[in-house]
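What follows is the content of upload-v9.pdb (PDB, C-alpha atoms).
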MODEL        1
ATOM      1  CA  MET H   1     -61.043 -59.760 185.718
ATOM      2  CA  SER H   2     -58.306 -62.121 186.791
ATOM      3  CA  VAL H   3     -54.811 -62.465 188.135
ATOM      4  CA  ILE H   4     -52.071 -64.912 187.184
ATOM      5  CA  VAL H   5     -51.258 -67.298 190.012
ATOM      6  CA  ASN H   6     -48.186 -69.451 189.456
ATOM      7  CA  GLY H   7     -48.662 -68.985 185.735
ATOM      8  CA  HIS H   8     -52.380 -69.842 185.708
ATOM      9  CA  THR H   9     -55.360 -67.523 185.394
ATOM     10  CA  HIS H  10     -57.423 -67.100 188.558
ATOM     11  CA  PRO H  11     -60.466 -64.889 189.196
ATOM     12  CA  LEU H  12     -59.932 -61.735 191.201
ATOM     13  CA  PRO H  13     -61.287 -62.143 194.731
ATOM     14  CA  GLU H  14     -63.398 -59.668 196.642
ATOM     15  CA  PRO H  15     -62.052 -57.664 198.274
ATOM     16  CA  ARG H  16     -59.166 -57.265 195.900
ATOM     17  CA  THR H  17     -56.423 -58.056 198.368
ATOM     18  CA  LEU H  18     -53.728 -60.646 198.557
ATOM     19  CA  GLY H  19     -55.228 -61.864 201.827
ATOM     20  CA  ALA H  20     -58.559 -62.611 200.137
ATOM     21  CA  LEU H  21     -56.819 -64.389 197.276
ATOM     22  CA  LEU H  22     -54.852 -66.588 199.655
ATOM     23  CA  ARG H  23     -58.018 -67.480 201.576
ATOM     24  CA  SER H  24     -59.590 -68.656 198.333
ATOM     25  CA  LEU H  25     -56.526 -70.682 197.372
ATOM     26  CA  SER H  26     -55.656 -72.085 200.820
ATOM     27  CA  PRO H  27     -52.021 -72.889 200.019
ATOM     28  CA  SER H  28     -50.395 -75.242 202.483
ATOM     29  CA  ALA H  29     -47.824 -73.739 204.803
ATOM     30  CA  PRO H  30     -44.983 -73.009 204.644
ATOM     31  CA  PHE H  31     -45.103 -70.710 201.655
ATOM     32  CA  VAL H  32     -44.047 -67.252 200.578
ATOM     33  CA  VAL H  33     -45.732 -64.940 198.104
ATOM     34  CA  ALA H  34     -44.513 -62.421 195.553
ATOM     35  CA  ARG H  35     -46.676 -59.916 193.723
ATOM     36  CA  ASN H  36     -45.269 -58.923 190.356
ATOM     37  CA  GLY H  37     -41.893 -60.254 191.421
ATOM     38  CA  GLU H  38     -41.714 -58.453 194.759
ATOM     39  CA  VAL H  39     -41.947 -60.498 197.933
ATOM     40  CA  VAL H  40     -44.856 -59.647 200.200
ATOM     41  CA  PRO H  41     -44.261 -60.218 203.938
ATOM     42  CA  SER H  42     -46.982 -62.320 205.551
ATOM     43  CA  ARG H  43     -47.962 -59.465 207.866
ATOM     44  CA  ALA H  44     -48.856 -57.382 204.791
ATOM     45  CA  TYR H  45     -51.177 -59.850 203.029
ATOM     46  CA  GLU H  46     -54.425 -58.225 204.135
ATOM     47  CA  ALA H  47     -53.295 -54.716 203.234
ATOM     48  CA  CYS H  48     -51.736 -55.697 199.903
ATOM     49  CA  PRO H  49     -54.032 -54.716 196.998
ATOM     50  CA  ILE H  50     -54.068 -56.801 193.853
ATOM     51  CA  ASP H  51     -55.063 -55.574 190.421
ATOM     52  CA  PRO H  52     -56.235 -57.324 187.260
ATOM     53  CA  GLY H  53     -53.303 -58.932 185.487
ATOM     54  CA  ASP H  54     -51.062 -59.032 188.551
ATOM     55  CA  ARG H  55     -48.634 -61.922 188.627
ATOM     56  CA  ILE H  56     -48.761 -63.763 191.927
ATOM     57  CA  ASP H  57     -46.139 -66.373 192.756
ATOM     58  CA  ILE H  58     -46.686 -68.741 195.670
ATOM     59  CA  VAL H  59     -43.654 -70.875 196.390
ATOM     60  CA  HIS H  60     -42.619 -73.353 199.037
ATOM     61  CA  PRO H  61     -39.371 -74.973 200.160
ATOM     62  CA  ALA H  62     -37.953 -77.420 197.670
ATOM     63  CA  ALA H  63     -34.860 -79.535 197.333
ATOM     64  CA  GLY H  64     -31.942 -77.723 195.766
ATOM     65  CA  GLY H  65     -28.267 -77.990 195.095
TER      66      GLY H  65
ATOM     67  CA  MET R   1      -2.215 -82.148 215.833
ATOM     68  CA  GLU R   2      -5.413 -83.165 217.601
ATOM     69  CA  GLY R   3      -5.837 -79.648 218.929
ATOM     70  CA  ARG R   4      -5.070 -78.140 215.539
ATOM     71  CA  GLN R   5      -7.680 -80.297 213.872
ATOM     72  CA  HIS R   6     -10.179 -79.496 216.569
ATOM     73  CA  ASP R   7      -9.696 -75.749 216.163
ATOM     74  CA  ASP R   8      -9.789 -75.850 212.381
ATOM     75  CA  ARG R   9     -13.218 -74.520 211.553
ATOM     76  CA  LEU R  10     -14.684 -72.910 208.476
ATOM     77  CA  THR R  11     -15.572 -69.300 209.180
ATOM     78  CA  VAL R  12     -17.809 -67.432 206.755
ATOM     79  CA  TYR R  13     -19.544 -64.127 207.427
ATOM     80  CA  GLY R  14     -18.544 -64.415 211.063
ATOM     81  CA  GLN R  15     -20.184 -67.820 211.495
ATOM     82  CA  SER R  16     -18.024 -70.784 212.336
ATOM     83  CA  PHE R  17     -18.691 -74.338 211.202
ATOM     84  CA  PRO R  18     -17.033 -77.595 212.269
ATOM     85  CA  SER R  19     -17.525 -79.129 208.815
ATOM     86  CA  ARG R  20     -16.160 -77.918 205.491
ATOM     87  CA  LEU R  21     -18.639 -79.847 203.397
ATOM     88  CA  MET R  22     -21.897 -78.345 202.176
ATOM     89  CA  LEU R  23     -24.528 -80.661 200.848
ATOM     90  CA  GLY R  24     -27.313 -80.145 198.352
ATOM     91  CA  THR R  25     -30.685 -81.731 199.008
ATOM     92  CA  ALA R  26     -31.848 -82.467 195.453
ATOM     93  CA  ARG R  27     -32.224 -85.611 193.378
ATOM     94  CA  TYR R  28     -32.430 -88.153 196.192
ATOM     95  CA  ASP R  29     -34.684 -91.123 195.610
ATOM     96  CA  SER R  30     -36.478 -90.586 198.918
ATOM     97  CA  PRO R  31     -36.553 -88.188 201.876
ATOM     98  CA  ALA R  32     -35.271 -90.991 204.104
ATOM     99  CA  LEU R  33     -32.224 -91.406 201.898
ATOM    100  CA  LEU R  34     -31.564 -87.682 202.059
ATOM    101  CA  ALA R  35     -31.828 -87.717 205.854
ATOM    102  CA  ASP R  36     -29.394 -90.641 206.096
ATOM    103  CA  ALA R  37     -26.971 -88.980 203.682
ATOM    104  CA  ILE R  38     -27.021 -85.798 205.773
ATOM    105  CA  ARG R  39     -26.177 -87.803 208.871
ATOM    106  CA  ALA R  40     -23.349 -89.567 207.062
ATOM    107  CA  ALA R  41     -21.836 -86.450 205.478
ATOM    108  CA  ASP R  42     -22.204 -84.254 208.572
ATOM    109  CA  PRO R  43     -22.309 -81.084 206.452
ATOM    110  CA  ALA R  44     -21.910 -77.501 207.623
ATOM    111  CA  MET R  45     -24.959 -76.355 205.686
ATOM    112  CA  LEU R  46     -27.704 -77.669 203.445
ATOM    113  CA  THR R  47     -28.642 -75.974 200.201
ATOM    114  CA  VAL R  48     -32.318 -75.658 199.375
ATOM    115  CA  SER R  49     -34.476 -73.996 196.789
ATOM    116  CA  LEU R  50     -37.865 -72.391 196.229
ATOM    117  CA  ARG R  51     -40.370 -73.712 193.754
ATOM    118  CA  ARG R  52     -43.993 -73.142 192.866
ATOM    119  CA  GLN R  53     -46.480 -75.625 194.177
ATOM    120  CA  LEU R  54     -47.604 -77.620 191.173
ATOM    121  CA  PRO R  55     -51.318 -77.350 190.288
ATOM    122  CA  GLY R  56     -53.253 -80.127 191.982
ATOM    123  CA  SER R  57     -50.244 -81.241 193.978
ATOM    124  CA  LYS R  58     -50.744 -81.982 197.640
ATOM    125  CA  ASP R  59     -47.015 -81.681 198.267
ATOM    126  CA  SER R  60     -46.615 -78.295 199.868
ATOM    127  CA  GLY R  61     -43.046 -78.899 200.886
ATOM    128  CA  GLN R  62     -44.195 -79.534 204.444
ATOM    129  CA  ALA R  63     -42.458 -82.912 204.671
ATOM    130  CA  PHE R  64     -39.269 -81.459 203.240
ATOM    131  CA  TRP R  65     -39.536 -78.518 205.621
ATOM    132  CA  ASN R  66     -39.894 -80.872 208.591
ATOM    133  CA  LEU R  67     -36.924 -82.900 207.453
ATOM    134  CA  LEU R  68     -34.790 -79.757 207.229
ATOM    135  CA  ARG R  69     -35.784 -78.663 210.700
ATOM    136  CA  GLU R  70     -35.023 -82.068 212.163
ATOM    137  CA  THR R  71     -31.460 -81.961 210.839
ATOM    138  CA  GLN R  72     -30.858 -78.683 212.737
ATOM    139  CA  ARG R  73     -28.382 -77.674 210.024
ATOM    140  CA  PRO R  74     -28.021 -74.106 208.792
ATOM    141  CA  ILE R  75     -29.924 -73.552 205.563
ATOM    142  CA  LEU R  76     -28.351 -71.965 202.506
ATOM    143  CA  PRO R  77     -31.154 -71.128 200.049
ATOM    144  CA  ASN R  78     -30.204 -70.807 196.402
ATOM    145  CA  THR R  79     -31.409 -68.818 193.421
ATOM    146  CA  ALA R  80     -31.039 -71.798 191.099
ATOM    147  CA  GLY R  81     -32.350 -71.358 187.604
ATOM    148  CA  CYS R  82     -32.447 -67.558 187.660
ATOM    149  CA  LEU R  83     -31.402 -66.076 184.355
ATOM    150  CA  THR R  84     -31.280 -62.395 185.296
ATOM    151  CA  ALA R  85     -30.051 -60.348 188.216
ATOM    152  CA  ARG R  86     -33.642 -59.185 188.859
ATOM    153  CA  GLU R  87     -34.948 -62.750 189.085
ATOM    154  CA  ALA R  88     -32.127 -63.677 191.422
ATOM    155  CA  VAL R  89     -32.684 -60.697 193.717
ATOM    156  CA  ASN R  90     -36.430 -61.346 193.863
ATOM    157  CA  THR R  91     -35.859 -65.033 194.560
ATOM    158  CA  ALA R  92     -33.370 -64.189 197.300
ATOM    159  CA  CYS R  93     -35.909 -61.885 198.942
ATOM    160  CA  MET R  94     -38.508 -64.656 198.882
ATOM    161  CA  ALA R  95     -35.995 -67.098 200.336
ATOM    162  CA  ARG R  96     -35.176 -64.718 203.163
ATOM    163  CA  GLU R  97     -38.848 -64.345 203.986
ATOM    164  CA  LEU R  98     -39.409 -68.096 203.961
ATOM    165  CA  PHE R  99     -36.247 -69.423 205.576
ATOM    166  CA  GLN R 100     -35.555 -66.445 207.853
ATOM    167  CA  THR R 101     -31.896 -66.229 206.889
ATOM    168  CA  ASN R 102     -29.727 -63.622 205.222
ATOM    169  CA  LEU R 103     -27.583 -66.328 203.657
ATOM    170  CA  ILE R 104     -28.068 -66.793 199.928
ATOM    171  CA  LYS R 105     -26.300 -68.942 197.373
ATOM    172  CA  LEU R 106     -26.419 -66.644 194.386
ATOM    173  CA  GLU R 107     -26.804 -68.282 190.997
ATOM    174  CA  VAL R 108     -27.361 -66.248 187.864
ATOM    175  CA  ILE R 109     -27.140 -68.602 184.933
ATOM    176  CA  GLY R 110     -25.815 -67.259 181.650
ATOM    177  CA  ASP R 111     -26.025 -70.361 179.509
ATOM    178  CA  GLU R 112     -28.694 -73.003 179.716
ATOM    179  CA  ILE R 113     -26.537 -75.687 178.129
ATOM    180  CA  ASN R 114     -23.607 -75.742 180.532
ATOM    181  CA  LEU R 115     -25.304 -73.740 183.320
ATOM    182  CA  GLN R 116     -22.331 -71.402 183.370
ATOM    183  CA  PRO R 117     -22.693 -68.354 185.614
ATOM    184  CA  ASP R 118     -23.469 -65.040 183.936
ATOM    185  CA  PRO R 119     -20.625 -62.878 185.268
ATOM    186  CA  PHE R 120     -22.370 -59.588 184.513
ATOM    187  CA  GLY R 121     -25.684 -60.535 186.088
ATOM    188  CA  LEU R 122     -23.870 -62.124 188.997
ATOM    189  CA  VAL R 123     -22.029 -58.926 189.935
ATOM    190  CA  GLU R 124     -25.149 -56.814 189.412
ATOM    191  CA  ALA R 125     -27.171 -59.066 191.699
ATOM    192  CA  ALA R 126     -24.397 -59.334 194.289
ATOM    193  CA  VAL R 127     -24.144 -55.554 194.590
ATOM    194  CA  GLU R 128     -27.868 -55.205 195.226
ATOM    195  CA  LEU R 129     -28.112 -58.154 197.599
ATOM    196  CA  VAL R 130     -25.197 -56.947 199.728
ATOM    197  CA  GLU R 131     -26.845 -53.528 199.889
ATOM    198  CA  ARG R 132     -30.015 -55.235 201.094
ATOM    199  CA  GLY R 133     -28.136 -56.968 203.897
ATOM    200  CA  PHE R 134     -27.700 -60.428 202.388
ATOM    201  CA  GLN R 135     -24.663 -62.573 203.010
ATOM    202  CA  VAL R 136     -23.949 -63.682 199.480
ATOM    203  CA  PHE R 137     -22.334 -66.964 198.428
ATOM    204  CA  PRO R 138     -21.847 -66.413 194.680
ATOM    205  CA  TYR R 139     -21.578 -69.407 192.383
ATOM    206  CA  CYS R 140     -18.942 -68.191 189.946
ATOM    207  CA  THR R 141     -16.206 -69.316 187.629
ATOM    208  CA  GLU R 142     -12.512 -69.194 188.469
ATOM    209  CA  ASP R 143     -12.102 -65.981 186.446
ATOM    210  CA  TRP R 144      -9.945 -63.692 188.570
ATOM    211  CA  VAL R 145     -11.482 -60.413 187.389
ATOM    212  CA  LEU R 146     -14.987 -61.685 188.098
ATOM    213  CA  CYS R 147     -13.921 -62.845 191.537
ATOM    214  CA  ARG R 148     -12.355 -59.466 192.258
ATOM    215  CA  ARG R 149     -15.558 -57.698 191.237
ATOM    216  CA  LEU R 150     -17.559 -59.958 193.536
ATOM    217  CA  MET R 151     -15.219 -59.178 196.417
ATOM    218  CA  ASP R 152     -15.504 -55.473 195.602
ATOM    219  CA  ALA R 153     -19.286 -55.891 195.761
ATOM    220  CA  GLY R 154     -18.926 -57.090 199.345
ATOM    221  CA  CYS R 155     -18.989 -60.859 198.969
ATOM    222  CA  GLU R 156     -17.011 -62.408 201.820
ATOM    223  CA  VAL R 157     -16.881 -65.859 200.251
ATOM    224  CA  LEU R 158     -16.603 -67.078 196.652
ATOM    225  CA  MET R 159     -17.790 -70.356 195.199
ATOM    226  CA  PRO R 160     -15.921 -71.111 191.975
ATOM    227  CA  TRP R 161     -17.040 -74.101 189.964
ATOM    228  CA  ALA R 162     -14.930 -77.162 189.390
ATOM    229  CA  ALA R 163     -16.943 -78.035 186.274
ATOM    230  CA  PRO R 164     -20.505 -77.488 185.028
ATOM    231  CA  ILE R 165     -23.271 -78.322 187.487
ATOM    232  CA  GLY R 166     -24.175 -81.974 187.698
ATOM    233  CA  THR R 167     -21.412 -83.233 185.411
ATOM    234  CA  GLY R 168     -19.168 -84.833 188.014
ATOM    235  CA  GLN R 169     -16.148 -84.093 185.822
ATOM    236  CA  GLY R 170     -13.980 -82.798 188.645
ATOM    237  CA  PRO R 171     -11.718 -79.740 188.345
ATOM    238  CA  ARG R 172     -11.610 -78.828 184.658
ATOM    239  CA  ASN R 173      -9.092 -76.065 185.041
ATOM    240  CA  PRO R 174      -6.780 -76.938 187.922
ATOM    241  CA  ARG R 175      -4.201 -74.309 187.084
ATOM    242  CA  ALA R 176      -6.715 -71.458 187.129
ATOM    243  CA  LEU R 177      -8.290 -72.725 190.336
ATOM    244  CA  ARG R 178      -4.916 -72.850 192.056
ATOM    245  CA  GLU R 179      -4.028 -69.392 190.774
ATOM    246  CA  LEU R 180      -7.301 -68.118 192.175
ATOM    247  CA  ARG R 181      -6.475 -69.702 195.520
ATOM    248  CA  GLU R 182      -3.115 -67.927 195.548
ATOM    249  CA  ARG R 183      -4.449 -64.535 194.548
ATOM    250  CA  ALA R 184      -7.620 -64.606 196.651
ATOM    251  CA  SER R 185      -5.678 -65.713 199.703
ATOM    252  CA  GLN R 186      -7.716 -63.739 202.240
ATOM    253  CA  ILE R 187     -11.217 -64.893 201.381
ATOM    254  CA  PRO R 188     -12.872 -68.280 201.920
ATOM    255  CA  LEU R 189     -13.180 -70.199 198.656
ATOM    256  CA  ILE R 190     -15.653 -73.060 198.414
ATOM    257  CA  VAL R 191     -15.551 -75.177 195.295
ATOM    258  CA  ASP R 192     -19.107 -75.592 194.074
ATOM    259  CA  ALA R 193     -20.403 -77.738 191.230
ATOM    260  CA  GLY R 194     -18.845 -80.361 189.027
ATOM    261  CA  ILE R 195     -17.373 -82.492 191.798
ATOM    262  CA  GLY R 196     -17.956 -86.165 191.014
ATOM    263  CA  LEU R 197     -15.641 -88.151 193.246
ATOM    264  CA  PRO R 198     -14.281 -87.895 196.756
ATOM    265  CA  SER R 199     -10.803 -87.649 195.194
ATOM    266  CA  HIS R 200     -11.914 -84.435 193.445
ATOM    267  CA  ALA R 201     -13.008 -82.988 196.770
ATOM    268  CA  CYS R 202      -9.828 -84.133 198.471
ATOM    269  CA  GLN R 203      -7.747 -82.634 195.657
ATOM    270  CA  VAL R 204      -9.182 -79.128 195.908
ATOM    271  CA  MET R 205      -8.933 -79.214 199.693
ATOM    272  CA  GLU R 206      -5.258 -80.172 199.353
ATOM    273  CA  TRP R 207      -4.853 -77.073 197.190
ATOM    274  CA  GLY R 208      -6.050 -74.956 200.075
ATOM    275  CA  PHE R 209      -9.689 -74.401 199.242
ATOM    276  CA  ASP R 210     -11.789 -73.849 202.321
ATOM    277  CA  GLY R 211     -14.694 -76.110 201.531
ATOM    278  CA  VAL R 212     -16.677 -78.052 198.978
ATOM    279  CA  LEU R 213     -20.334 -77.863 198.013
ATOM    280  CA  LEU R 214     -21.820 -80.806 196.193
ATOM    281  CA  ASN R 215     -25.094 -82.532 195.527
ATOM    282  CA  THR R 216     -25.386 -84.892 192.580
ATOM    283  CA  ALA R 217     -22.200 -86.800 193.359
ATOM    284  CA  VAL R 218     -23.902 -88.054 196.505
ATOM    285  CA  SER R 219     -27.555 -88.177 195.538
ATOM    286  CA  ARG R 220     -26.995 -90.076 192.270
ATOM    287  CA  ALA R 221     -24.454 -92.548 193.627
ATOM    288  CA  LEU R 222     -25.622 -96.137 193.808
ATOM    289  CA  ASP R 223     -25.304 -95.911 197.571
ATOM    290  CA  PRO R 224     -25.751 -92.236 198.479
ATOM    291  CA  VAL R 225     -25.265 -92.756 202.204
ATOM    292  CA  ARG R 226     -21.935 -94.497 201.777
ATOM    293  CA  MET R 227     -20.866 -91.873 199.238
ATOM    294  CA  ALA R 228     -21.853 -89.101 201.651
ATOM    295  CA  SER R 229     -19.582 -90.645 204.238
ATOM    296  CA  ALA R 230     -16.790 -90.981 201.663
ATOM    297  CA  PHE R 231     -17.051 -87.284 200.794
ATOM    298  CA  GLY R 232     -17.023 -86.311 204.451
ATOM    299  CA  ASN R 233     -13.802 -88.266 204.942
ATOM    300  CA  ALA R 234     -12.271 -86.939 201.712
ATOM    301  CA  VAL R 235     -12.842 -83.327 202.657
ATOM    302  CA  LYS R 236     -11.274 -83.904 206.053
ATOM    303  CA  ALA R 237      -8.327 -85.771 204.512
ATOM    304  CA  GLY R 238      -7.677 -83.026 201.978
ATOM    305  CA  ARG R 239      -7.888 -80.327 204.604
ATOM    306  CA  ASN R 240      -5.513 -82.156 206.916
ATOM    307  CA  ALA R 241      -3.079 -82.699 204.056
ATOM    308  CA  PHE R 242      -3.144 -78.980 203.268
ATOM    309  CA  LEU R 243      -2.551 -78.082 206.901
ATOM    310  CA  ALA R 244       0.184 -80.688 207.202
ATOM    311  CA  GLY R 245       2.118 -79.105 204.316
ATOM    312  CA  PRO R 246       2.821 -81.519 201.476
ATOM    313  CA  MET R 247       6.394 -82.438 200.580
ATOM    314  CA  ILE R 248       8.076 -80.653 197.701
ATOM    315  CA  VAL R 249       7.916 -82.648 194.482
ATOM    316  CA  GLN R 250      11.372 -83.704 193.245
ATOM    317  CA  ASP R 251      12.578 -84.072 189.655
ATOM    318  CA  VAL R 252      14.596 -87.225 190.334
ATOM    319  CA  ALA R 253      14.264 -90.206 192.609
ATOM    320  CA  VAL R 254      15.366 -89.838 196.207
ATOM    321  CA  PRO R 255      15.726 -93.121 198.133
ATOM    322  CA  SER R 256      13.600 -93.173 201.212
ATOM    323  CA  THR R 257      15.630 -95.991 202.822
ATOM    324  CA  PRO R 258      19.073 -94.863 204.074
ATOM    325  CA  GLU R 259      21.949 -95.774 201.745
ATOM    326  CA  ILE R 260      24.457 -96.101 204.550
ATOM    327  CA  GLY R 261      25.021 -99.657 205.803
ATOM    328  CA  ARG R 262      23.484-101.408 202.870
ATOM    329  CA  PRO R 263      24.727-105.061 202.822
ATOM    330  CA  PHE R 264      26.620-106.813 200.015
ATOM    331  CA  ARG R 265      28.590-103.700 199.107
ATOM    332  CA  SER R 266      32.361-103.647 199.117
ATOM    333  CA  ALA R 267      32.842-101.239 201.958
ATOM    334  CA  SER R 268      30.795 -99.648 204.681
ATOM    335  CA  PRO R 269      31.802 -96.295 206.148
ATOM    336  CA  GLN R 270      33.828 -96.565 209.351
ATOM    337  CA  THR R 271      32.217 -95.507 212.569
ATOM    338  CA  PRO R 272      34.313 -92.755 214.129
TER     339      PRO R 272
ENDMDL
END

Now that the file is in, can you turn its structure into structure tokens?
Amino acid sequence: MSVIVNGHTHPLPEPRTLGALLRSLSPSAPFVVARNGEVVPSRAYEACPIDPGDRIDIVHPAAGG
Amino acid sequence: MEGRQHDDRLTVYGQSFPSRLMLGTARYDSPALLADAIRAADPAMLTVSLRRQLPGSKDSGQAFWNLLRETQRPILPNTAGCLTAREAVNTACMARELFQTNLIKLEVIGDEINLQPDPFGLVEAAVELVERGFQVFPYCTEDWVLCRRLMDAGCEVLMPWAAPIGTGQGPRNPRALRELRERASQIPLIVDAGIGLPSHACQVMEWGFDGVLLNTAVSRALDPVRMASAFGNAVKAGRNAFLAGPMIVQDVAVPSTPEIGRPFRSASPQTP
């Protein structure tokens, strides 16, 4: 049972929420998260369920033109 | 003239900017060089992007984030690299969440060789983003019908390319760009992509474009800070030339020195 985080397989956390996943990953701030392509506001992390096979993208500011 | 220059500001989506140059933040050799280039160019906005944190990387973007905040410049996030309208909309939503701005530089790329905008995906994404409250800066071509569709979608600024991204070729299709300027006379037009030299930037500003967005021409110069300054001056020079109203080009020579009273001629006109 896993999810795809930034293109890589990662075990599903318990409980199965985005908040729990982020605690296990500890990404450095600032970052923003999308679940299956849809942005998830930071206030909704704990309430956001994640399911096996979900695609989670964690991105941060980067240089751009 | 001083007052006219002072009052001449770029206004987009109700926001007013003293500079008409927008600067990308990519491809600098170091953050310090980027910071110095920003100071030298004095841009209205900085374009930025969103990227995944690489596995094992300790670079979270924190240093870049701090640098951006220290410049105190408005941020224009982009959707660079998106190949579909859906990707672009999703990226824009993530950018809004991260950067806390409704501004978005909309890129939907239709060809991975020349990075040409996908006109169909661009309009589709623009419609949805405007509906969601974004202030969209679409990276487009100079195609008039595409530009009209983007305006119909609610875009209040257009960003036609000069040439493919990162080429530095300068305006490839001057006639079409100038026709666009004439027909889209009521909307700010910012030339984005393909600018390589300050003379390119000056040229499009002389044609009446409202601003220039560039990145590689500064960041890949041998001396990016000096080039940033050169672009800042070029944009101002072109804008002032446009406002000053260039002379009308003549088909034949017209002496600039008065003919009357020239020595060594047989007769000079009599003074009354």

Residues within 10 Å of (-12.6, -78.2, 187.1), file coords, all atoms listed in the file, listed as a ChimeraX atom specification
/R:141-142,160-164,168-177,191-195,200,204

Selection in question (the file shown): the PyMOL selection byres ((chain R) within 10 of (chain H)). Which residues does it include, as a compact mmCIF listing (two decimals) with C-alpha atoms, keeping the file's coordinate frame?
# COMPACT_ATOMS: atom_id res chain seq x y z
CA MET R 22 -21.90 -78.34 202.18
CA LEU R 23 -24.53 -80.66 200.85
CA GLY R 24 -27.31 -80.14 198.35
CA THR R 25 -30.68 -81.73 199.01
CA ALA R 26 -31.85 -82.47 195.45
CA ARG R 27 -32.22 -85.61 193.38
CA TYR R 28 -32.43 -88.15 196.19
CA PRO R 31 -36.55 -88.19 201.88
CA LEU R 34 -31.56 -87.68 202.06
CA LEU R 46 -27.70 -77.67 203.44
CA THR R 47 -28.64 -75.97 200.20
CA VAL R 48 -32.32 -75.66 199.38
CA SER R 49 -34.48 -74.00 196.79
CA LEU R 50 -37.86 -72.39 196.23
CA ARG R 51 -40.37 -73.71 193.75
CA ARG R 52 -43.99 -73.14 192.87
CA GLN R 53 -46.48 -75.62 194.18
CA LEU R 54 -47.60 -77.62 191.17
CA PRO R 55 -51.32 -77.35 190.29
CA LYS R 58 -50.74 -81.98 197.64
CA ASP R 59 -47.02 -81.68 198.27
CA SER R 60 -46.62 -78.30 199.87
CA GLY R 61 -43.05 -78.90 200.89
CA GLN R 62 -44.20 -79.53 204.44
CA ALA R 63 -42.46 -82.91 204.67
CA PHE R 64 -39.27 -81.46 203.24
CA TRP R 65 -39.54 -78.52 205.62
CA LEU R 68 -34.79 -79.76 207.23
CA LEU R 76 -28.35 -71.96 202.51
CA PRO R 77 -31.15 -71.13 200.05
CA ASN R 78 -30.20 -70.81 196.40
CA THR R 79 -31.41 -68.82 193.42
CA ALA R 80 -31.04 -71.80 191.10
CA ARG R 86 -33.64 -59.18 188.86
CA GLU R 87 -34.95 -62.75 189.08
CA VAL R 89 -32.68 -60.70 193.72
CA ASN R 90 -36.43 -61.35 193.86
CA THR R 91 -35.86 -65.03 194.56
CA ALA R 92 -33.37 -64.19 197.30
CA CYS R 93 -35.91 -61.88 198.94
CA MET R 94 -38.51 -64.66 198.88
CA ALA R 95 -35.99 -67.10 200.34
CA ARG R 96 -35.18 -64.72 203.16
CA GLU R 97 -38.85 -64.34 203.99
CA LEU R 98 -39.41 -68.10 203.96
CA PHE R 99 -36.25 -69.42 205.58
CA LYS R 105 -26.30 -68.94 197.37
CA ILE R 165 -23.27 -78.32 187.49
CA GLY R 166 -24.18 -81.97 187.70
CA ASP R 192 -19.11 -75.59 194.07
CA ALA R 193 -20.40 -77.74 191.23
CA LEU R 213 -20.33 -77.86 198.01
CA LEU R 214 -21.82 -80.81 196.19
CA ASN R 215 -25.09 -82.53 195.53
CA THR R 216 -25.39 -84.89 192.58

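Distance-wise, CA of Gln116 (chain R) and CA of Phe134 (chain R) end up 22.6 Å apart.
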
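CA of Val249 (chain R) lies 14.2 Å from CA of Trp207 (chain R).
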
On this structure, the PyMOL selection byres ((chain R and resi 146) around 12) would catch which residues? List them as JSON, numbers by chain, sorted by chain and number.
{"R": [117, 118, 119, 120, 121, 122, 123, 124, 126, 138, 139, 140, 141, 142, 143, 144, 145, 147, 148, 149, 150, 151, 152, 153, 155, 158, 159, 160, 180, 184]}

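For region 13-20 of chain H, the set of protein, DNA and RNA residues having any atom at most 7 Å away, when counting all atoms listed in the file and skipping those fewer than 3 positions along the same chain, is H:Arg23, H:Ser24, H:Tyr45, H:Glu46, H:Ala47, H:Cys48, H:Pro49, H:Ile50.
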